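As stored in my_file-v7.cif (mmCIF, C-alpha atoms):
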```cif
data_run
loop_
_atom_site.label_atom_id
_atom_site.label_comp_id
_atom_site.auth_asym_id
_atom_site.auth_seq_id
_atom_site.Cartn_x
_atom_site.Cartn_y
_atom_site.Cartn_z
CA MET A 981 99.29 16.08 9.79
CA SER A 982 97.81 13.35 7.68
CA GLN A 983 95.36 14.06 4.92
CA SER A 984 92.68 12.05 6.68
CA ALA A 985 93.13 14.03 9.87
CA SER A 986 92.99 17.30 8.06
CA ALA A 987 89.94 16.32 6.08
CA VAL A 988 86.87 18.29 6.87
CA ILE A 989 84.15 16.08 8.23
CA ASP A 990 80.82 17.08 6.73
CA PRO A 991 78.09 17.49 9.28
CA ALA A 992 75.26 14.97 9.19
CA PRO A 993 72.51 16.12 6.89
CA SER A 994 69.56 17.54 8.75
CA PRO A 995 66.34 15.57 8.34
CA THR A 996 63.90 17.03 5.87
CA PRO A 997 60.91 18.40 7.78
CA THR A 998 57.82 16.36 7.08
CA ARG A 999 54.99 18.34 5.64
CA ARG A 1000 51.72 17.74 7.40
CA PRO A 1001 48.88 17.19 5.00
CA ARG A 1002 46.35 19.92 5.04
CA GLY A 1003 42.69 19.37 5.68
CA ILE A 1004 40.96 16.49 7.38
CA THR A 1005 42.96 13.28 7.10
CA ASN A 1006 40.64 10.95 8.98
CA PRO A 1007 38.62 9.14 6.29
CA LEU A 1008 35.62 8.62 8.57
CA ALA A 1009 35.48 12.28 9.63
CA ARG A 1010 35.89 13.46 6.03
CA PHE A 1011 33.15 11.09 4.86
CA LEU A 1012 30.70 12.20 7.55
CA ILE A 1013 31.35 15.91 7.02
CA VAL A 1014 30.75 15.59 3.28
CA ARG A 1015 27.54 13.62 3.87
CA PHE A 1016 26.35 16.16 6.44
CA LEU A 1017 27.01 19.11 4.15
CA LEU A 1018 25.06 17.40 1.37
CA ILE A 1019 21.92 17.58 3.53
CA PHE A 1020 21.61 21.33 3.02
CA PRO A 1021 21.52 21.45 -0.80
CA THR A 1022 19.24 18.39 -0.82
CA VAL A 1023 16.71 20.01 1.51
CA PHE A 1024 17.05 23.34 -0.31
CA ILE A 1025 16.26 21.75 -3.68
CA LEU A 1026 13.29 19.86 -2.24
CA VAL A 1027 11.91 22.97 -0.52
CA THR A 1028 12.25 24.94 -3.74
CA MET A 1029 10.52 22.24 -5.79
CA VAL A 1030 7.63 22.02 -3.30
CA PHE A 1031 7.23 25.82 -3.24
CA VAL A 1032 7.22 26.10 -7.04
CA LEU A 1033 4.76 23.23 -7.47
CA MET A 1034 2.38 24.62 -4.84
CA ARG A 1035 2.46 28.09 -6.38
CA SER A 1036 2.04 26.82 -9.93
CA ILE A 1037 -1.70 26.35 -9.30
CA GLY A 1038 -2.18 29.88 -7.98
CA ASP A 1039 -2.33 31.39 -4.52
CA PRO A 1040 -3.30 29.06 -1.62
CA ILE A 1041 -6.18 31.30 -0.47
CA THR A 1042 -8.05 31.01 -3.75
CA ALA A 1043 -7.33 27.28 -3.96
CA ALA A 1044 -8.71 26.60 -0.47
CA LEU A 1045 -11.50 29.17 -0.15
CA GLY A 1046 -12.41 29.99 -3.73
CA GLY A 1047 -16.15 29.75 -4.24
CA ARG A 1048 -16.88 30.18 -0.53
CA LEU A 1049 -15.90 33.85 -0.28
CA THR A 1050 -16.78 36.84 -2.37
CA ALA A 1051 -14.23 38.38 -4.70
CA ALA A 1052 -13.67 41.27 -2.29
CA GLN A 1053 -13.15 38.94 0.66
CA LEU A 1054 -10.74 36.79 -1.34
CA ALA A 1055 -8.75 39.85 -2.42
CA GLU A 1056 -8.55 41.04 1.20
CA ARG A 1057 -7.36 37.65 2.45
CA ILE A 1058 -4.81 37.35 -0.37
CA SER A 1059 -3.44 40.82 0.34
CA SER A 1060 -3.22 40.27 4.11
CA ALA A 1061 -1.38 36.96 3.60
CA GLY A 1062 1.04 38.58 1.12
CA TYR A 1063 0.20 36.31 -1.82
CA ASP A 1064 -0.23 39.29 -4.15
CA ARG A 1065 3.47 40.12 -3.97
CA PRO A 1066 6.09 38.95 -6.53
CA ILE A 1067 6.78 35.22 -6.38
CA LEU A 1068 10.47 35.74 -5.61
CA VAL A 1069 9.61 37.92 -2.61
CA GLN A 1070 7.26 35.20 -1.34
CA TYR A 1071 9.91 32.55 -1.92
CA PHE A 1072 12.67 34.27 0.06
CA GLU A 1073 10.22 35.16 2.81
CA TYR A 1074 9.18 31.51 3.00
CA LEU A 1075 12.83 30.40 3.27
CA GLY A 1076 13.33 32.87 6.13
CA GLN A 1077 10.25 31.53 7.90
CA ILE A 1078 11.45 27.92 7.58
CA PHE A 1079 14.80 28.77 9.16
CA THR A 1080 12.92 30.12 12.18
CA GLY A 1081 10.65 27.08 12.39
CA ASN A 1082 7.59 28.91 11.06
CA PHE A 1083 5.82 26.86 8.38
CA GLY A 1084 2.82 29.16 8.16
CA THR A 1085 -0.78 28.68 9.26
CA ALA A 1086 -3.22 26.19 7.83
CA ILE A 1087 -5.94 27.99 5.90
CA THR A 1088 -8.80 25.60 6.62
CA ASP A 1089 -8.51 25.33 10.41
CA GLY A 1090 -6.19 28.21 11.33
CA ARG A 1091 -3.72 26.00 13.21
CA PRO A 1092 0.02 26.70 12.99
CA VAL A 1093 1.60 24.16 10.67
CA SER A 1094 4.52 23.68 13.07
CA GLU A 1095 2.03 22.59 15.74
CA LEU A 1096 0.48 20.12 13.29
CA LEU A 1097 3.90 18.69 12.48
CA VAL A 1098 4.71 18.09 16.14
CA THR A 1099 1.28 16.66 16.97
CA TYR A 1100 0.89 14.30 14.04
CA GLY A 1101 4.55 13.69 13.25
CA SER A 1102 5.00 11.61 16.39
CA ALA A 1103 2.19 9.29 15.24
CA THR A 1104 3.86 8.76 11.86
CA LEU A 1105 7.21 8.18 13.56
CA GLU A 1106 5.66 5.54 15.81
CA LEU A 1107 4.07 3.77 12.84
CA ALA A 1108 7.36 3.85 10.90
CA LEU A 1109 9.20 2.29 13.87
CA TYR A 1110 6.64 -0.51 14.09
CA ALA A 1111 7.00 -1.10 10.35
CA VAL A 1112 10.81 -1.26 10.52
CA MET A 1113 10.59 -3.75 13.40
CA VAL A 1114 8.22 -5.95 11.38
CA ALA A 1115 10.47 -5.71 8.32
CA LEU A 1116 13.57 -6.73 10.28
CA ILE A 1117 11.88 -9.49 12.28
CA VAL A 1118 10.23 -10.99 9.20
CA GLY A 1119 12.67 -10.19 6.42
CA ILE A 1120 16.03 -11.16 7.91
CA PRO A 1121 15.18 -14.65 9.31
CA LEU A 1122 13.14 -15.63 6.24
CA GLY A 1123 15.92 -14.41 3.96
CA MET A 1124 18.38 -16.65 5.84
CA VAL A 1125 15.98 -19.59 5.56
CA ALA A 1126 15.63 -19.00 1.81
CA ALA A 1127 19.43 -18.95 1.44
CA TYR A 1128 19.78 -22.15 3.47
CA PHE A 1129 17.24 -23.96 1.26
CA ARG A 1130 18.60 -22.44 -1.94
CA ASP A 1131 16.81 -23.67 -5.09
CA LYS A 1132 14.52 -25.93 -3.06
CA TRP A 1133 10.79 -25.59 -2.54
CA PRO A 1134 11.03 -23.48 0.69
CA ASP A 1135 13.24 -21.05 -1.20
CA ALA A 1136 10.76 -20.86 -4.08
CA VAL A 1137 7.83 -20.27 -1.71
CA LEU A 1138 9.66 -17.53 0.18
CA ARG A 1139 10.76 -15.80 -3.02
CA VAL A 1140 7.18 -15.69 -4.26
CA ALA A 1141 6.05 -14.40 -0.85
CA ALA A 1142 8.71 -11.67 -0.98
CA ILE A 1143 7.56 -10.56 -4.43
CA LEU A 1144 3.94 -10.46 -3.28
CA ALA A 1145 4.91 -8.53 -0.13
CA TYR A 1146 6.48 -5.56 -1.89
CA ALA A 1147 4.39 -5.71 -5.07
CA THR A 1148 0.98 -5.67 -3.38
CA PRO A 1149 -0.40 -2.12 -3.02
CA VAL A 1150 -0.34 -0.97 0.60
CA PHE A 1151 -3.99 0.02 0.71
CA PHE A 1152 -5.04 -3.37 -0.69
CA ALA A 1153 -2.92 -5.27 1.83
CA GLY A 1154 -4.35 -3.12 4.62
CA LEU A 1155 -7.93 -3.69 3.55
CA LEU A 1156 -7.31 -7.43 3.21
CA LEU A 1157 -5.77 -7.73 6.67
CA LYS A 1158 -8.54 -5.61 8.14
CA LEU A 1159 -11.16 -7.81 6.50
CA VAL A 1160 -9.62 -11.05 7.80
CA PHE A 1161 -8.50 -10.12 11.32
CA ALA A 1162 -10.92 -7.33 12.24
CA VAL A 1163 -14.15 -8.20 10.41
CA TRP A 1164 -14.11 -11.98 10.00
CA LEU A 1165 -12.06 -13.18 12.98
CA LYS A 1166 -12.76 -10.13 15.17
CA VAL A 1167 -9.45 -10.51 17.02
CA LEU A 1168 -7.97 -7.09 16.24
CA PRO A 1169 -9.43 -3.55 16.16
CA VAL A 1170 -10.55 -2.10 12.85
CA ALA A 1171 -8.89 1.30 13.09
CA GLY A 1172 -7.39 3.95 15.34
CA ARG A 1173 -4.27 4.20 17.47
CA ALA A 1174 -6.03 3.22 20.72
CA SER A 1175 -9.47 2.90 22.23
CA THR A 1176 -11.31 6.05 23.27
CA ARG A 1177 -10.67 5.44 26.97
CA THR A 1178 -6.93 4.93 26.45
CA GLU A 1179 -6.67 8.00 24.21
CA LEU A 1180 -8.30 10.15 26.90
CA GLN A 1181 -5.79 8.86 29.44
CA LEU A 1182 -2.83 9.47 27.16
CA THR A 1183 -3.86 12.92 25.97
CA SER A 1184 -4.34 14.09 29.57
CA LEU A 1185 -0.84 12.93 30.53
CA ASP A 1186 1.55 15.76 31.46
CA GLY A 1187 4.53 16.13 29.15
CA LYS A 1188 3.22 13.59 26.66
CA SER A 1189 5.53 12.62 23.82
CA GLY A 1190 2.79 11.87 21.29
CA ILE A 1191 4.15 8.34 20.83
CA TYR A 1192 1.39 6.30 22.42
CA LEU A 1193 3.53 3.34 23.46
CA ILE A 1194 5.98 5.56 25.35
CA ASP A 1195 3.14 7.51 26.95
CA ALA A 1196 1.35 4.28 27.93
CA ILE A 1197 4.54 3.00 29.58
CA ARG A 1198 4.89 6.30 31.44
CA LEU A 1199 1.27 6.00 32.49
CA GLY A 1200 2.13 2.65 34.09
CA SER A 1201 -1.04 0.96 32.91
CA PRO A 1202 -0.65 -2.58 31.49
CA ALA A 1203 -4.14 -2.28 29.99
CA ALA A 1204 -3.16 0.90 28.12
CA ILE A 1205 0.09 -0.66 26.86
CA SER A 1206 -1.78 -3.74 25.64
CA ASP A 1207 -4.44 -1.59 23.99
CA VAL A 1208 -1.84 0.50 22.13
CA LEU A 1209 0.07 -2.55 20.92
CA ILE A 1210 -3.07 -4.34 19.74
CA HIS A 1211 -4.11 -1.31 17.69
CA ALA A 1212 -0.61 -1.15 16.16
CA VAL A 1213 -0.57 -4.75 14.88
CA LEU A 1214 -2.45 -4.33 11.61
CA PRO A 1215 -1.00 -0.92 10.55
CA GLY A 1216 2.54 -1.99 11.48
CA LEU A 1217 2.16 -5.32 9.70
CA THR A 1218 0.70 -3.69 6.58
CA LEU A 1219 3.48 -1.15 6.24
CA GLY A 1220 6.23 -3.49 7.47
CA LEU A 1221 5.51 -6.22 4.94
CA LEU A 1222 6.14 -3.69 2.18
CA THR A 1223 9.81 -3.52 3.24
CA ALA A 1224 10.10 -7.07 4.59
CA GLY A 1225 9.91 -8.47 1.07
CA ILE A 1226 12.83 -6.30 -0.03
CA PHE A 1227 14.89 -7.27 3.03
CA MET A 1228 14.10 -10.95 2.47
CA ARG A 1229 15.43 -10.99 -1.08
CA LEU A 1230 18.44 -8.84 -0.18
CA VAL A 1231 19.46 -11.08 2.73
CA ARG A 1232 18.99 -14.19 0.62
CA THR A 1233 21.20 -12.85 -2.18
CA ASN A 1234 23.96 -11.66 0.16
CA VAL A 1235 23.99 -14.80 2.30
CA ILE A 1236 24.30 -16.94 -0.83
CA GLY A 1237 27.19 -14.71 -1.91
CA SER A 1238 28.83 -15.04 1.51
CA LEU A 1239 28.54 -18.83 1.40
CA SER A 1240 30.83 -18.86 -1.65
CA MET A 1241 33.65 -17.00 0.13
CA ASP A 1242 36.98 -18.68 0.94
CA TYR A 1243 36.61 -18.50 4.73
CA ILE A 1244 33.26 -20.28 4.45
CA ASP A 1245 34.87 -23.01 2.35
CA ALA A 1246 37.60 -23.34 4.98
CA ALA A 1247 35.02 -23.68 7.74
CA ARG A 1248 33.06 -26.17 5.65
CA SER A 1249 36.21 -28.26 5.15
CA ARG A 1250 36.61 -28.44 8.94
CA GLY A 1251 33.23 -30.11 9.18
CA VAL A 1252 31.05 -27.14 10.21
CA ASN A 1253 27.48 -27.92 9.20
CA GLU A 1254 25.63 -25.73 6.70
CA PHE A 1255 23.08 -24.40 9.17
CA ARG A 1256 25.80 -23.16 11.51
CA LEU A 1257 27.63 -21.57 8.59
CA VAL A 1258 24.51 -19.58 7.68
CA ARG A 1259 23.59 -18.71 11.26
CA LYS A 1260 27.05 -17.87 12.62
CA HIS A 1261 29.22 -16.78 9.71
CA ALA A 1262 27.46 -15.95 6.46
CA TYR A 1263 24.65 -13.70 7.65
CA LYS A 1264 26.76 -11.02 9.34
CA PRO A 1265 28.32 -9.65 6.13
CA ALA A 1266 24.85 -9.82 4.58
CA LEU A 1267 23.50 -7.35 7.15
CA ILE A 1268 25.70 -4.47 5.96
CA PRO A 1269 23.62 -3.82 2.79
CA ILE A 1270 20.47 -4.01 4.92
CA ILE A 1271 21.60 -0.98 6.93
CA THR A 1272 22.11 1.02 3.75
CA VAL A 1273 18.79 -0.09 2.30
CA ILE A 1274 16.95 0.96 5.47
CA GLY A 1275 17.84 4.57 4.73
CA MET A 1276 16.57 4.30 1.17
CA GLN A 1277 13.38 2.61 2.33
CA ILE A 1278 12.45 5.44 4.72
CA ALA A 1279 11.02 7.40 1.79
CA LEU A 1280 9.07 4.31 0.76
CA LEU A 1281 7.79 3.85 4.31
CA LEU A 1282 6.69 7.48 4.55
CA GLY A 1283 4.95 7.22 1.20
CA GLY A 1284 3.26 4.01 2.31
CA ALA A 1285 2.34 5.63 5.61
CA VAL A 1286 0.02 8.00 3.76
CA LEU A 1287 -2.09 5.10 2.50
CA THR A 1288 -1.72 3.02 5.67
CA GLU A 1289 -2.80 5.85 7.95
CA THR A 1290 -5.78 6.58 5.74
CA THR A 1291 -6.79 2.90 5.66
CA PHE A 1292 -6.60 2.46 9.43
CA GLU A 1293 -7.50 6.04 10.45
CA TRP A 1294 -4.12 6.32 12.11
CA LYS A 1295 -4.00 10.06 12.70
CA GLY A 1296 -0.50 10.91 11.60
CA LEU A 1297 1.05 13.15 8.97
CA GLY A 1298 -0.18 10.95 6.12
CA PHE A 1299 -3.75 11.04 7.42
CA LYS A 1300 -3.67 14.84 7.75
CA LEU A 1301 -1.94 15.21 4.38
CA VAL A 1302 -4.88 13.50 2.68
CA GLU A 1303 -7.31 15.73 4.57
CA TYR A 1304 -5.52 18.92 3.58
CA LEU A 1305 -5.15 17.79 -0.01
CA GLY A 1306 -8.91 17.22 -0.13
CA ALA A 1307 -9.45 20.70 1.29
CA ARG A 1308 -6.82 22.16 -1.10
CA ASP A 1309 -5.02 23.66 1.88
CA PHE A 1310 -1.65 23.91 0.19
CA VAL A 1311 0.00 25.84 3.03
CA ALA A 1312 -0.42 22.83 5.32
CA VAL A 1313 0.47 20.42 2.50
CA GLN A 1314 3.65 22.36 1.80
CA GLY A 1315 4.73 22.23 5.45
CA ILE A 1316 4.07 18.49 5.77
CA VAL A 1317 5.92 17.65 2.55
CA VAL A 1318 8.92 19.77 3.58
CA LEU A 1319 9.10 18.00 6.95
CA LEU A 1320 8.95 14.59 5.28
CA ALA A 1321 11.79 15.65 2.98
CA VAL A 1322 13.91 16.74 5.96
CA ILE A 1323 13.19 13.43 7.74
CA VAL A 1324 14.33 11.45 4.69
CA ALA A 1325 17.55 13.49 4.37
CA LEU A 1326 18.43 13.18 8.08
CA THR A 1327 17.61 9.47 8.15
CA ASN A 1328 19.91 8.80 5.22
CA PHE A 1329 22.67 10.73 7.00
CA ILE A 1330 22.24 8.61 10.15
CA VAL A 1331 22.31 5.45 8.05
CA ASP A 1332 25.51 6.67 6.37
CA ILE A 1333 27.10 7.08 9.82
CA ILE A 1334 26.15 3.54 10.88
CA ALA A 1335 27.27 2.03 7.57
CA ALA A 1336 30.62 3.87 7.69
CA ILE A 1337 31.29 2.69 11.24
CA ILE A 1338 30.44 -0.93 10.47
CA ASP A 1339 32.02 -1.19 7.02
CA PRO A 1340 35.26 0.82 6.50
CA ARG A 1341 34.97 0.38 2.72
CA VAL A 1342 32.12 2.91 2.71
CA ARG A 1343 34.45 5.73 3.75
CA TYR A 1344 36.68 5.61 0.66
#
```

Please, can you express the file's structure as structure tokens?
Amino acid sequence: MSQSASAVIDPAPSPTPTRRPRGITNPLARFLIVRFLLIFPTVFILVTMVFVLMRSIGDPITAALGGRLTAAQLAERISSAGYDRPILVQYFEYLGQIFTGNFGTAITDGRPVSELLVTYGSATLELALYAVMVALIVGIPLGMVAAYFRDKWPDAVLRVAAILAYATPVFFAGLLLKLVFAVWLKVLPVAGRASTRTELQLTSLDGKSGIYLIDAIRLGSPAAISDVLIHAVLPGLTLGLLTAGIFMRLVRTNVIGSLSMDYIDAARSRGVNEFRLVRKHAYKPALIPIITVIGMQIALLLGGAVLTETTFEWKGLGFKLVEYLGARDFVAVQGIVVLLAVIVALTNFIVDIIAAIIDPRVRY
């Protein structure tokens, strides 16, 4: 037998088993889970800060009713509300109430704060949606126009207008618009969310959402829809211009940056005119930062809503917040501020989702 025949043939080496990576491997899923989990510590910190600041001035009963009740009556109310207990006991009890949706009871009018949040929160949400629509409709096209006429007089005019839009105080802009369109020209209503007749129709509607435009559409009355939209013009414009100026400058900067990219140069070399380059190619990448900025501007919009609602008597959370601050009803103030903080945190999470879906670079 030959040596080659008698040689032992080694078996083929078995493939090394591949080790599956542990944890979540999908970058998008990992990104969204991390962002979602960050909501809880953010809200917790904000709730704690609001609680400490509200309690730093004393108990809410004395702050709201001090001077109107006798010392014995104040002591009885403080004891029944539990404000004479240690601050840590009050704090953990308040956290437990929040988890069950109980934000306490307003001291001045005795209404549950959760009911106030539902009733007036829808009005603030409606105003914020109008403002975002104004900001997008005004800011994006004008930003594209400014980029198209870069370093020419239309660009200079629009840049100055953008600076004035976000630098002008909201209450001043509101008073100015009210003076021009409601007092001098008399083409728009001075204040309110709707006329008295329309409000009576909407408040008597079964299963009302609290968003007047939706309720007016459900009512099926063109007159009510028109009335609601007319009343929303000045408040929406006042609050929307605050963000439109930021969007305008952001779109301009990003479109100009996109116009210097290689694929734009290639399209330009093929004879594509500049207007088509801006309208069809350069503006799409410029919209990605807008989506991110929208989330950051929600806090600005909610802060501006306080002044806008007060200026136009738009009865939302901002309007009630000013009322309760004047009455030193810090239980109601605490509930409203906590809700606004939750809205900001959730809105930023939603914006993170949209940005991660549109732009894969965000996930890494």

To one decimal in Å, tell me the separation between CA of Phe1151 in chain A and CA of Leu1287 in chain A. 5.7 Å

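When CA of Met1124 in chain A is paired with CA of Ala1212 in chain A, their separation reads 26.6 Å.
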
What would the selection look like, as a PyMOL selection string, if the PyMOL selection byres ((chain A and resi 1138-1149) around 8) were run on the coordinates I just shared? chain A and resi 1122-1123+1126+1134-1137+1150-1153+1221-1226+1228-1229

I need the residue nearest Leu1018 in chain A from this list: A:Pro1215, A:Thr1042, A:Asn1328, A:Ser1238. Use all atoms listed in the file for the distance.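 So, comparing all the options, the nearest one is A:Asn1328.
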
Evaluated on this file, the PyMOL selection byres ((chain A and resi 1181-1197) around 10) picks out some residues - which ones are they, written as a count of residues only? 30

Can you tell me which residues surround Leu1096 in chain A at a distance of at most 9 Å, considering only C-alpha atoms, apart from same-chain residues fewer than 5 positions away, and format the answer as a PyMOL selection string? chain A and resi 1086+1091+1101+1297+1300+1312+1316

So how many Å separate CA of Val1112 in chain A and CA of Lys1132 in chain A, to one decimal?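 About the pair CA of Val1112 in chain A and CA of Lys1132 in chain A: they are 28.4 Å apart.
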
Completion of range 1277-1303 of chain A up to N, CA and C atoms, as a PDB file, in the frame of the given file:
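Contents of part_7.pdb, as written:
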```pdb
ATOM      1  N   GLN A1277      14.770   3.030   2.195  1.00  0.00           N
ATOM      2  CA  GLN A1277      13.380   2.610   2.330  1.00  0.00           C
ATOM      3  C   GLN A1277      12.557   3.552   3.190  1.00  0.00           C
ATOM      4  N   ILE A1278      13.210   4.502   3.888  1.00  0.00           N
ATOM      5  CA  ILE A1278      12.450   5.440   4.720  1.00  0.00           C
ATOM      6  C   ILE A1278      11.474   6.236   3.864  1.00  0.00           C
ATOM      7  N   ALA A1279      11.922   6.677   2.695  1.00  0.00           N
ATOM      8  CA  ALA A1279      11.020   7.400   1.790  1.00  0.00           C
ATOM      9  C   ALA A1279       9.851   6.518   1.374  1.00  0.00           C
ATOM     10  N   LEU A1280      10.134   5.241   1.115  1.00  0.00           N
ATOM     11  CA  LEU A1280       9.070   4.310   0.760  1.00  0.00           C
ATOM     12  C   LEU A1280       8.110   4.104   1.916  1.00  0.00           C
ATOM     13  N   LEU A1281       8.647   4.016   3.130  1.00  0.00           N
ATOM     14  CA  LEU A1281       7.790   3.850   4.310  1.00  0.00           C
ATOM     15  C   LEU A1281       6.907   5.072   4.522  1.00  0.00           C
ATOM     16  N   LEU A1282       7.477   6.261   4.357  1.00  0.00           N
ATOM     17  CA  LEU A1282       6.690   7.480   4.550  1.00  0.00           C
ATOM     18  C   LEU A1282       5.613   7.609   3.483  1.00  0.00           C
ATOM     19  N   GLY A1283       5.964   7.214   2.258  1.00  0.00           N
ATOM     20  CA  GLY A1283       4.950   7.220   1.200  1.00  0.00           C
ATOM     21  C   GLY A1283       3.860   6.203   1.475  1.00  0.00           C
ATOM     22  N   GLY A1284       4.255   5.010   1.951  1.00  0.00           N
ATOM     23  CA  GLY A1284       3.260   4.010   2.310  1.00  0.00           C
ATOM     24  C   GLY A1284       2.461   4.384   3.524  1.00  0.00           C
ATOM     25  N   ALA A1285       3.051   5.202   4.407  1.00  0.00           N
ATOM     26  CA  ALA A1285       2.340   5.630   5.610  1.00  0.00           C
ATOM     27  C   ALA A1285       1.110   6.457   5.269  1.00  0.00           C
ATOM     28  N   VAL A1286       1.174   7.192   4.162  1.00  0.00           N
ATOM     29  CA  VAL A1286       0.020   8.000   3.760  1.00  0.00           C
ATOM     30  C   VAL A1286      -1.196   7.101   3.539  1.00  0.00           C
ATOM     31  N   LEU A1287      -0.994   6.010   2.791  1.00  0.00           N
ATOM     32  CA  LEU A1287      -2.090   5.100   2.500  1.00  0.00           C
ATOM     33  C   LEU A1287      -2.447   4.252   3.725  1.00  0.00           C
ATOM     34  N   THR A1288      -1.453   3.843   4.488  1.00  0.00           N
ATOM     35  CA  THR A1288      -1.720   3.020   5.670  1.00  0.00           C
ATOM     36  C   THR A1288      -2.497   3.801   6.714  1.00  0.00           C
ATOM     37  N   GLU A1289      -2.096   5.038   6.961  1.00  0.00           N
ATOM     38  CA  GLU A1289      -2.800   5.850   7.950  1.00  0.00           C
ATOM     39  C   GLU A1289      -4.225   6.137   7.513  1.00  0.00           C
ATOM     40  N   THR A1290      -4.425   6.346   6.236  1.00  0.00           N
ATOM     41  CA  THR A1290      -5.780   6.580   5.740  1.00  0.00           C
ATOM     42  C   THR A1290      -6.627   5.319   5.877  1.00  0.00           C
ATOM     43  N   THR A1291      -6.043   4.164   5.589  1.00  0.00           N
ATOM     44  CA  THR A1291      -6.790   2.900   5.660  1.00  0.00           C
ATOM     45  C   THR A1291      -7.212   2.578   7.082  1.00  0.00           C
ATOM     46  N   PHE A1292      -6.319   2.827   8.044  1.00  0.00           N
ATOM     47  CA  PHE A1292      -6.600   2.460   9.430  1.00  0.00           C
ATOM     48  C   PHE A1292      -6.942   3.657  10.312  1.00  0.00           C
ATOM     49  N   GLU A1293      -7.169   4.819   9.695  1.00  0.00           N
ATOM     50  CA  GLU A1293      -7.500   6.040  10.450  1.00  0.00           C
ATOM     51  C   GLU A1293      -6.476   6.289  11.554  1.00  0.00           C
ATOM     52  N   TRP A1294      -5.241   6.060  11.203  1.00  0.00           N
ATOM     53  CA  TRP A1294      -4.120   6.320  12.110  1.00  0.00           C
ATOM     54  C   TRP A1294      -3.745   7.788  11.922  1.00  0.00           C
ATOM     55  N   LYS A1295      -4.074   8.615  12.889  1.00  0.00           N
ATOM     56  CA  LYS A1295      -4.000  10.060  12.700  1.00  0.00           C
ATOM     57  C   LYS A1295      -2.565  10.574  12.823  1.00  0.00           C
ATOM     58  N   GLY A1296      -1.854  10.409  11.702  1.00  0.00           N
ATOM     59  CA  GLY A1296      -0.500  10.910  11.600  1.00  0.00           C
ATOM     60  C   GLY A1296      -0.397  11.919  10.467  1.00  0.00           C
ATOM     61  N   LEU A1297       0.836  12.164  10.031  1.00  0.00           N
ATOM     62  CA  LEU A1297       1.050  13.150   8.970  1.00  0.00           C
ATOM     63  C   LEU A1297       0.396  12.723   7.660  1.00  0.00           C
ATOM     64  N   GLY A1298       0.447  11.433   7.353  1.00  0.00           N
ATOM     65  CA  GLY A1298      -0.180  10.950   6.120  1.00  0.00           C
ATOM     66  C   GLY A1298      -1.682  11.143   6.136  1.00  0.00           C
ATOM     67  N   PHE A1299      -2.303  10.863   7.268  1.00  0.00           N
ATOM     68  CA  PHE A1299      -3.750  11.040   7.420  1.00  0.00           C
ATOM     69  C   PHE A1299      -4.128  12.511   7.234  1.00  0.00           C
ATOM     70  N   LYS A1300      -3.370  13.402   7.878  1.00  0.00           N
ATOM     71  CA  LYS A1300      -3.670  14.840   7.750  1.00  0.00           C
ATOM     72  C   LYS A1300      -3.320  15.347   6.356  1.00  0.00           C
ATOM     73  N   LEU A1301      -2.300  14.776   5.725  1.00  0.00           N
ATOM     74  CA  LEU A1301      -1.940  15.210   4.380  1.00  0.00           C
ATOM     75  C   LEU A1301      -3.091  14.959   3.409  1.00  0.00           C
ATOM     76  N   VAL A1302      -3.732  13.808   3.539  1.00  0.00           N
ATOM     77  CA  VAL A1302      -4.880  13.500   2.680  1.00  0.00           C
ATOM     78  C   VAL A1302      -6.020  14.465   2.959  1.00  0.00           C
ATOM     79  N   GLU A1303      -6.256  14.776   4.220  1.00  0.00           N
ATOM     80  CA  GLU A1303      -7.310  15.730   4.570  1.00  0.00           C
ATOM     81  C   GLU A1303      -7.053  17.097   3.961  1.00  0.00           C
TER      82      GLU A1303
END
```
